[in-house]
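Shown next: final.cif, given as mmCIF, C-alpha atoms.
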data_final
#
loop_
_atom_site.label_atom_id
_atom_site.label_comp_id
_atom_site.auth_asym_id
_atom_site.auth_seq_id
_atom_site.Cartn_x
_atom_site.Cartn_y
_atom_site.Cartn_z
CA MET U 86 83.23 84.09 92.74
CA LYS U 87 80.49 86.70 92.38
CA ARG U 88 79.35 87.46 95.90
CA ILE U 89 79.76 87.03 99.65
CA ILE U 90 76.68 86.24 101.72
CA ILE U 91 76.88 86.90 105.47
CA HIS U 92 74.86 84.70 107.84
CA TRP U 93 74.54 83.78 111.47
CA THR U 94 74.46 80.10 112.40
CA ALA U 95 71.67 80.32 115.01
CA GLY U 96 74.07 78.33 117.18
CA ARG U 97 76.55 78.84 119.97
CA HIS U 98 79.79 80.83 119.78
CA GLU U 99 81.82 77.76 118.80
CA PRO U 100 81.36 76.61 115.18
CA SER U 101 79.77 73.15 115.00
CA GLU U 102 80.48 70.40 112.49
CA MET U 103 77.16 71.26 110.78
CA ASP U 104 78.26 74.92 110.51
CA ARG U 105 81.50 73.78 108.88
CA GLN U 106 79.50 71.83 106.26
CA HIS U 107 77.41 74.84 105.24
CA TYR U 108 79.78 77.82 105.35
CA HIS U 109 83.24 78.47 103.91
CA TYR U 110 84.26 80.46 107.00
CA ILE U 111 82.70 80.83 110.44
CA VAL U 112 83.65 83.53 112.97
CA GLY U 113 83.59 82.26 116.57
CA GLY U 114 82.45 84.34 119.53
CA ASP U 115 86.01 85.44 120.33
CA GLY U 116 86.65 86.51 116.72
CA THR U 117 88.55 83.38 115.71
CA ILE U 118 87.96 82.47 112.06
CA VAL U 119 87.35 78.78 111.37
CA SER U 120 87.44 77.34 107.86
CA GLY U 121 84.52 75.29 106.68
CA ASN U 122 84.89 71.76 105.32
CA LEU U 123 84.73 72.87 101.70
CA PRO U 124 86.96 75.37 99.91
CA VAL U 125 85.47 78.49 98.34
CA ASP U 126 85.95 77.10 94.82
CA ALA U 127 83.57 74.23 95.64
CA ASN U 128 80.80 76.77 95.03
CA GLU U 129 81.94 77.73 91.54
CA SER U 130 79.36 75.13 90.51
CA THR U 131 76.69 73.33 92.52
CA ALA U 132 76.74 70.29 90.23
CA ASP U 133 78.89 68.43 92.78
CA THR U 134 79.64 68.85 96.50
CA TYR U 135 79.30 72.45 97.67
CA ALA U 136 78.61 74.54 100.78
CA ALA U 137 74.81 74.93 100.84
CA HIS U 138 74.18 78.19 102.70
CA THR U 139 71.66 80.21 100.68
CA ARG U 140 68.58 78.79 98.97
CA GLY U 141 68.87 79.16 95.19
CA LEU U 142 72.07 81.22 95.35
CA ASN U 143 74.99 78.94 96.24
CA THR U 144 76.67 78.93 92.82
CA GLY U 145 79.26 81.69 92.77
CA SER U 146 78.63 82.61 96.41
CA ILE U 147 81.00 82.52 99.36
CA GLY U 148 79.14 81.73 102.57
CA VAL U 149 80.45 83.27 105.79
CA ALA U 150 78.74 83.16 109.18
CA PHE U 151 78.82 84.50 112.70
CA ALA U 152 78.71 81.52 115.12
CA ALA U 153 75.95 83.11 117.17
CA MET U 154 72.30 83.83 117.87
CA HIS U 155 71.25 80.49 119.43
CA GLY U 156 67.73 80.99 120.79
CA ALA U 157 67.30 84.39 119.10
CA LYS U 158 63.76 85.62 118.36
CA GLU U 159 62.81 88.29 115.87
CA ARG U 160 59.57 89.34 117.63
CA PRO U 161 59.62 90.22 120.40
CA PHE U 162 63.31 90.63 119.80
CA SER U 163 65.84 88.64 121.76
CA ALA U 164 69.45 88.04 120.68
CA GLY U 165 69.37 84.73 122.54
CA GLU U 166 72.05 83.24 124.77
CA TYR U 167 74.85 83.70 122.23
CA PRO U 168 74.50 87.14 120.61
CA ILE U 169 76.93 88.37 117.97
CA THR U 170 79.94 89.95 119.71
CA LYS U 171 81.93 93.05 118.82
CA ASP U 172 84.99 90.80 118.30
CA GLN U 173 82.99 88.83 115.74
CA VAL U 174 81.95 91.97 113.86
CA GLN U 175 85.55 93.16 113.71
CA ALA U 176 86.80 89.74 112.50
CA MET U 177 83.94 89.38 110.00
CA THR U 178 84.67 92.83 108.58
CA GLN U 179 88.32 91.86 108.06
CA LEU U 180 87.34 88.48 106.57
CA VAL U 181 84.89 90.02 104.10
CA PHE U 182 87.45 92.68 103.16
CA ASP U 183 90.10 89.99 102.54
CA LEU U 184 87.72 87.82 100.49
CA SER U 185 86.45 90.78 98.45
CA ASP U 186 90.04 91.74 97.69
CA ARG U 187 91.15 88.18 96.86
CA TYR U 188 88.18 87.43 94.57
CA ASP U 189 87.73 90.97 93.22
CA ILE U 190 84.20 91.23 94.59
CA PRO U 191 82.92 94.82 94.64
CA ILE U 192 81.63 96.32 97.89
CA MET U 193 78.05 96.83 96.78
CA PRO U 194 74.67 95.44 97.91
CA GLU U 195 74.37 92.97 95.03
CA ALA U 196 77.79 91.45 95.75
CA ILE U 197 78.31 91.65 99.53
CA LEU U 198 75.09 91.15 101.44
CA THR U 199 73.49 89.51 104.43
CA HIS U 200 71.20 86.51 104.08
CA ALA U 201 68.26 88.76 105.03
CA GLU U 202 69.09 91.06 102.08
CA VAL U 203 69.03 88.30 99.45
CA GLU U 204 65.29 88.42 98.83
CA PRO U 205 64.77 92.22 98.77
CA THR U 206 68.03 92.90 96.88
CA LEU U 207 68.33 89.98 94.45
CA GLY U 208 64.73 88.73 94.36
CA VAL U 209 65.61 85.17 95.37
CA LYS U 210 63.03 83.86 97.89
CA GLN U 211 64.54 82.88 101.26
CA ARG U 212 61.58 81.76 103.40
CA GLY U 213 61.70 84.57 105.96
CA LYS U 214 65.41 84.52 106.79
CA TRP U 215 66.36 87.41 109.11
CA ASP U 216 70.11 86.90 109.45
CA VAL U 217 71.81 89.35 109.75
CA THR U 218 69.48 92.08 110.97
CA TRP U 219 71.02 92.66 114.38
CA LEU U 220 74.50 93.68 115.53
CA PRO U 221 75.95 94.61 118.95
CA ASP U 222 74.76 98.01 120.22
CA MET U 223 71.36 97.61 118.52
CA ASP U 224 68.29 97.42 120.78
CA GLN U 225 66.34 95.28 118.35
CA ALA U 226 66.54 93.73 114.91
CA GLY U 227 66.67 96.38 112.21
CA ASN U 228 66.05 96.74 108.51
CA ALA U 229 68.02 94.12 106.56
CA VAL U 230 69.38 96.57 103.99
CA ALA U 231 70.33 99.15 106.64
CA VAL U 232 72.30 96.53 108.60
CA GLY U 233 73.93 95.33 105.36
CA ASP U 234 74.84 98.92 104.52
CA LEU U 235 76.48 99.25 107.95
CA LEU U 236 78.56 96.09 107.40
CA ARG U 237 79.55 97.17 103.88
CA GLN U 238 80.63 100.57 105.24
CA LYS U 239 82.86 98.84 107.76
CA VAL U 240 84.46 96.91 104.87
CA ARG U 241 84.86 100.15 102.85
CA ASP U 242 86.51 101.78 105.87
CA LEU U 243 89.06 98.94 105.96
CA ARG U 244 89.69 99.37 102.24
CA GLU U 245 90.27 103.12 102.72
CA LYS U 246 92.59 102.44 105.65
CA SER U 247 94.59 99.95 103.57
CA LEU U 248 94.94 102.49 100.76
CA VAL U 249 96.28 105.10 103.18
CA ILE U 250 98.84 102.60 104.46
CA GLU U 251 99.86 101.61 100.92
CA LYS U 252 100.10 105.20 99.66
CA PRO U 253 103.43 106.11 101.33
CA ALA U 254 105.02 103.00 99.81
CA ALA U 255 103.73 103.99 96.37
CA VAL U 256 105.06 107.53 96.77
CA HIS U 257 108.45 106.11 97.80
CA TRP U 258 108.65 104.02 94.61
CA ILE U 259 107.64 106.97 92.44
CA VAL U 260 110.48 109.02 93.97
CA VAL U 261 112.91 106.13 93.36
CA LEU U 262 111.79 105.86 89.72
CA LEU U 263 112.10 109.62 89.19
CA LYS U 264 115.60 109.56 90.62
CA LEU U 265 116.51 106.72 88.27
CA ILE U 266 115.04 108.52 85.27
CA PHE U 267 116.52 111.93 86.05
CA GLY U 268 119.66 110.72 87.76
CA GLY U 269 118.84 112.35 91.10
CA LYS U 270 119.73 115.81 89.68
CA LYS U 271 117.90 118.94 90.73
#

Now, as a test, write the supplied structure out as structure tokens.
Amino acid sequence: MKRIIIHWTAGRHEPSEMDRQHYHYIVGGDGTIVSGNLPVDANESTADTYAAHTRGLNTGSIGVAFAAMHGAKERPFSAGEYPITKDQVQAMTQLVFDLSDRYDIPIMPEAILTHAEVEPTLGVKQRGKWDVTWLPDMDQAGNAVAVGDLLRQKVRDLREKSLVIEKPAAVHWIVVLLKLIFGGKK
């Protein structure tokens, strides 16, 4: 897979059957991750059945979504009755980190992006899509790329944190190898 595209469903906090048809993973309002009906590898090619989440860009793309933003309006801004929650942002960040790690997808704007970033970043027309341009603690919808940058930074922070956790284990194994090579002598 080449990229991960982050959406919102424009629905309620519980993933619907329609959501499950269009996205590989959906994050519910409480942060629970629900698998879509189709596996990620269904989008290796769009010649057969696949998760249709992004116009003209489904092949090679993993579609993930916040189950949120029912009734949202861009102007004047309203997050609707079911805004994205902080629990969802935390779970989505972890999900995107895990998927990027599993599929070796780099954390860069061309590879991990929101639906709203697709047109300005990749030049693929999306008919005015504005998901995801708002996150909790924002007063109004923001610039698509700036919001995408914020989400990518959260994923990078998780990657850095995982490297710090893995580092002591690596140092331990280096010490073990050195002891084996040099026989533990000083």

One-decimal distance in Å that lies between atom CA of U:Thr94 and atom CA of U:Ser146: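 Computed distance, atom CA of U:Ser146 to atom CA of U:Thr94, equals 16.7 Å.
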
Output, as lines of an AutoDock Vina configuration file, the centre and edge lengths in Å (one decimal) of the axis-aligned box that contains all listed atoms of stretch 166-171 of chain U with 3 Å of margin on each side.
center_x = 77.0
center_y = 88.1
center_z = 121.4
size_x = 15.9
size_y = 15.8
size_z = 12.8

Give me, as CSV, each residue of stretch 117-172 of chain U that comes within 12 Å of stretch 222-226 of chain U, together with its shortest interatomic pair and the distance in Å at one decimal, counting all atoms listed in the file, with rows ordered by chain and rising residue number.
residue,atom,partner,partner_atom,distance
U:Met154,CA,U:Ala226,CA,11.8
U:Ala157,CA,U:Ala226,CA,10.3
U:Lys158,CA,U:Ala226,CA,9.2
U:Glu159,CA,U:Ala226,CA,6.7
U:Arg160,CA,U:Ala226,CA,8.7
U:Pro161,CA,U:Gln225,CA,8.7
U:Phe162,CA,U:Gln225,CA,5.7
U:Ser163,CA,U:Gln225,CA,7.5
U:Ala164,CA,U:Gln225,CA,8.2
U:Gly165,CA,U:Gln225,CA,11.7
U:Pro168,CA,U:Asp222,CA,10.9
U:Ile169,CA,U:Asp222,CA,10.1
U:Thr170,CA,U:Asp222,CA,9.6
U:Lys171,CA,U:Asp222,CA,8.8

Just the number, please: distance in Å from atom CA of U:Ile192 to atom CA of U:His92, one decimal.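 Interatomic distance, atom CA of U:Ile192 to atom CA of U:His92: 16.7 Å.
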
What gap, in Å, lies between atom CA of U:Glu102 and atom CA of U:Lys87?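 Straight-line distance from atom CA of U:Glu102 to atom CA of U:Lys87 works out to 25.9 Å.
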
Which is closest to U:Ala229 among U:Val209, U:Ala153, U:Leu198, U:Leu248, if we use all atoms listed in the file?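 Ranked by minimum distance to U:Ala229, first place goes to U:Leu198.
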
Polymer residues at most 8 Å from U:Gln211, all atoms listed in the file, same-chain spacing of 4 or more positions, as a list of chain:residue names: U:Thr139, U:Arg140, U:Ala201, U:Val203, U:Glu204

Residues at most 6 Å from U:Ile197, counting only C-alpha atoms, excluding those fewer than 4 positions away in the same chain, as a PyMOL selection string? chain U and resi 88-89+192-193

Show me, as a PyMOL selection string, the residues that have an atom within 12 Å of U:Tyr167 when counting all atoms listed in the file, minus same-chain residues fewer than 4 positions from it. chain U and resi 93-100+113-115+151-158+163+173+221

Expansion of the PyMOL selection byres ((chain U and resi 105) around 12) into residues, as number ranges by chain: U: 94, 99-104, 106-113, 118-124, 135-138, 148-152

With distances taken over all atoms listed in the file, which of U:Met86, U:Ser130, U:Ile91, U:Lys264 is nearest to U:Thr218? U:Ile91

When distances are computed from all atoms listed in the file, which of U:Met177, U:Leu207, U:Ile190, U:Leu235 shows the smallest separation from U:Gly141?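 When distances to U:Gly141 are compared using all atoms listed in the file, the smallest one comes from U:Leu207.
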
Here's the selection I'm unsure about, the PyMOL selection byres ((chain U and resi 178) around 8); applied to the file above, which residues does it give, as a CSV table (one decimal) with C-alpha atoms, keeping the file's coordinate frame?
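To be explicit, this is the file written out as selection23.csv:
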chain,number,residue,atom,x,y,z
U,174,VAL,CA,82.0,92.0,113.9
U,175,GLN,CA,85.6,93.2,113.7
U,176,ALA,CA,86.8,89.7,112.5
U,177,MET,CA,83.9,89.4,110.0
U,179,GLN,CA,88.3,91.9,108.1
U,180,LEU,CA,87.3,88.5,106.6
U,181,VAL,CA,84.9,90.0,104.1
U,182,PHE,CA,87.4,92.7,103.2
U,236,LEU,CA,78.6,96.1,107.4
U,239,LYS,CA,82.9,98.8,107.8
U,240,VAL,CA,84.5,96.9,104.9
U,243,LEU,CA,89.1,98.9,106.0

As a PDB file, in the frame of the given file, could you write out stretch 169-180 of chain U once it has been completed with N, CA, C and O atoms?
ATOM      1  N   ILE U 169      75.729  87.979 118.717  1.00  0.00           N
ATOM      2  CA  ILE U 169      76.930  88.370 117.970  1.00  0.00           C
ATOM      3  C   ILE U 169      77.744  89.307 118.856  1.00  0.00           C
ATOM      4  O   ILE U 169      77.187  90.201 119.498  1.00  0.00           O
ATOM      5  N   THR U 170      79.062  89.113 118.883  1.00  0.00           N
ATOM      6  CA  THR U 170      79.940  89.950 119.710  1.00  0.00           C
ATOM      7  C   THR U 170      80.647  90.999 118.850  1.00  0.00           C
ATOM      8  O   THR U 170      80.749  90.858 117.630  1.00  0.00           O
ATOM      9  N   LYS U 171      81.156  92.022 119.522  1.00  0.00           N
ATOM     10  CA  LYS U 171      81.930  93.050 118.820  1.00  0.00           C
ATOM     11  C   LYS U 171      83.190  92.445 118.195  1.00  0.00           C
ATOM     12  O   LYS U 171      83.589  92.843 117.100  1.00  0.00           O
ATOM     13  N   ASP U 172      83.816  91.477 118.872  1.00  0.00           N
ATOM     14  CA  ASP U 172      84.990  90.800 118.300  1.00  0.00           C
ATOM     15  C   ASP U 172      84.619  90.093 116.999  1.00  0.00           C
ATOM     16  O   ASP U 172      85.396  90.074 116.050  1.00  0.00           O
ATOM     17  N   GLN U 173      83.435  89.502 116.972  1.00  0.00           N
ATOM     18  CA  GLN U 173      82.990  88.830 115.740  1.00  0.00           C
ATOM     19  C   GLN U 173      82.787  89.825 114.605  1.00  0.00           C
ATOM     20  O   GLN U 173      83.160  89.550 113.471  1.00  0.00           O
ATOM     21  N   VAL U 174      82.189  90.962 114.905  1.00  0.00           N
ATOM     22  CA  VAL U 174      81.950  91.970 113.860  1.00  0.00           C
ATOM     23  C   VAL U 174      83.279  92.456 113.291  1.00  0.00           C
ATOM     24  O   VAL U 174      83.444  92.567 112.071  1.00  0.00           O
ATOM     25  N   GLN U 175      84.241  92.705 114.166  1.00  0.00           N
ATOM     26  CA  GLN U 175      85.550  93.160 113.710  1.00  0.00           C
ATOM     27  C   GLN U 175      86.216  92.081 112.834  1.00  0.00           C
ATOM     28  O   GLN U 175      86.740  92.388 111.758  1.00  0.00           O
ATOM     29  N   ALA U 176      86.187  90.822 113.268  1.00  0.00           N
ATOM     30  CA  ALA U 176      86.800  89.740 112.500  1.00  0.00           C
ATOM     31  C   ALA U 176      86.058  89.502 111.184  1.00  0.00           C
ATOM     32  O   ALA U 176      86.680  89.261 110.143  1.00  0.00           O
ATOM     33  N   MET U 177      84.726  89.585 111.216  1.00  0.00           N
ATOM     34  CA  MET U 177      83.940  89.380 110.000  1.00  0.00           C
ATOM     35  C   MET U 177      84.240  90.483 108.986  1.00  0.00           C
ATOM     36  O   MET U 177      84.367  90.227 107.783  1.00  0.00           O
ATOM     37  N   THR U 178      84.352  91.709 109.460  1.00  0.00           N
ATOM     38  CA  THR U 178      84.670  92.830 108.580  1.00  0.00           C
ATOM     39  C   THR U 178      86.005  92.577 107.873  1.00  0.00           C
ATOM     40  O   THR U 178      86.125  92.743 106.659  1.00  0.00           O
ATOM     41  N   GLN U 179      87.006  92.160 108.638  1.00  0.00           N
ATOM     42  CA  GLN U 179      88.320  91.860 108.060  1.00  0.00           C
ATOM     43  C   GLN U 179      88.239  90.687 107.079  1.00  0.00           C
ATOM     44  O   GLN U 179      88.824  90.730 105.988  1.00  0.00           O
ATOM     45  N   LEU U 180      87.503  89.648 107.437  1.00  0.00           N
ATOM     46  CA  LEU U 180      87.340  88.480 106.570  1.00  0.00           C
ATOM     47  C   LEU U 180      86.684  88.866 105.250  1.00  0.00           C
ATOM     48  O   LEU U 180      87.164  88.506 104.170  1.00  0.00           O
TER      49      LEU U 180
END
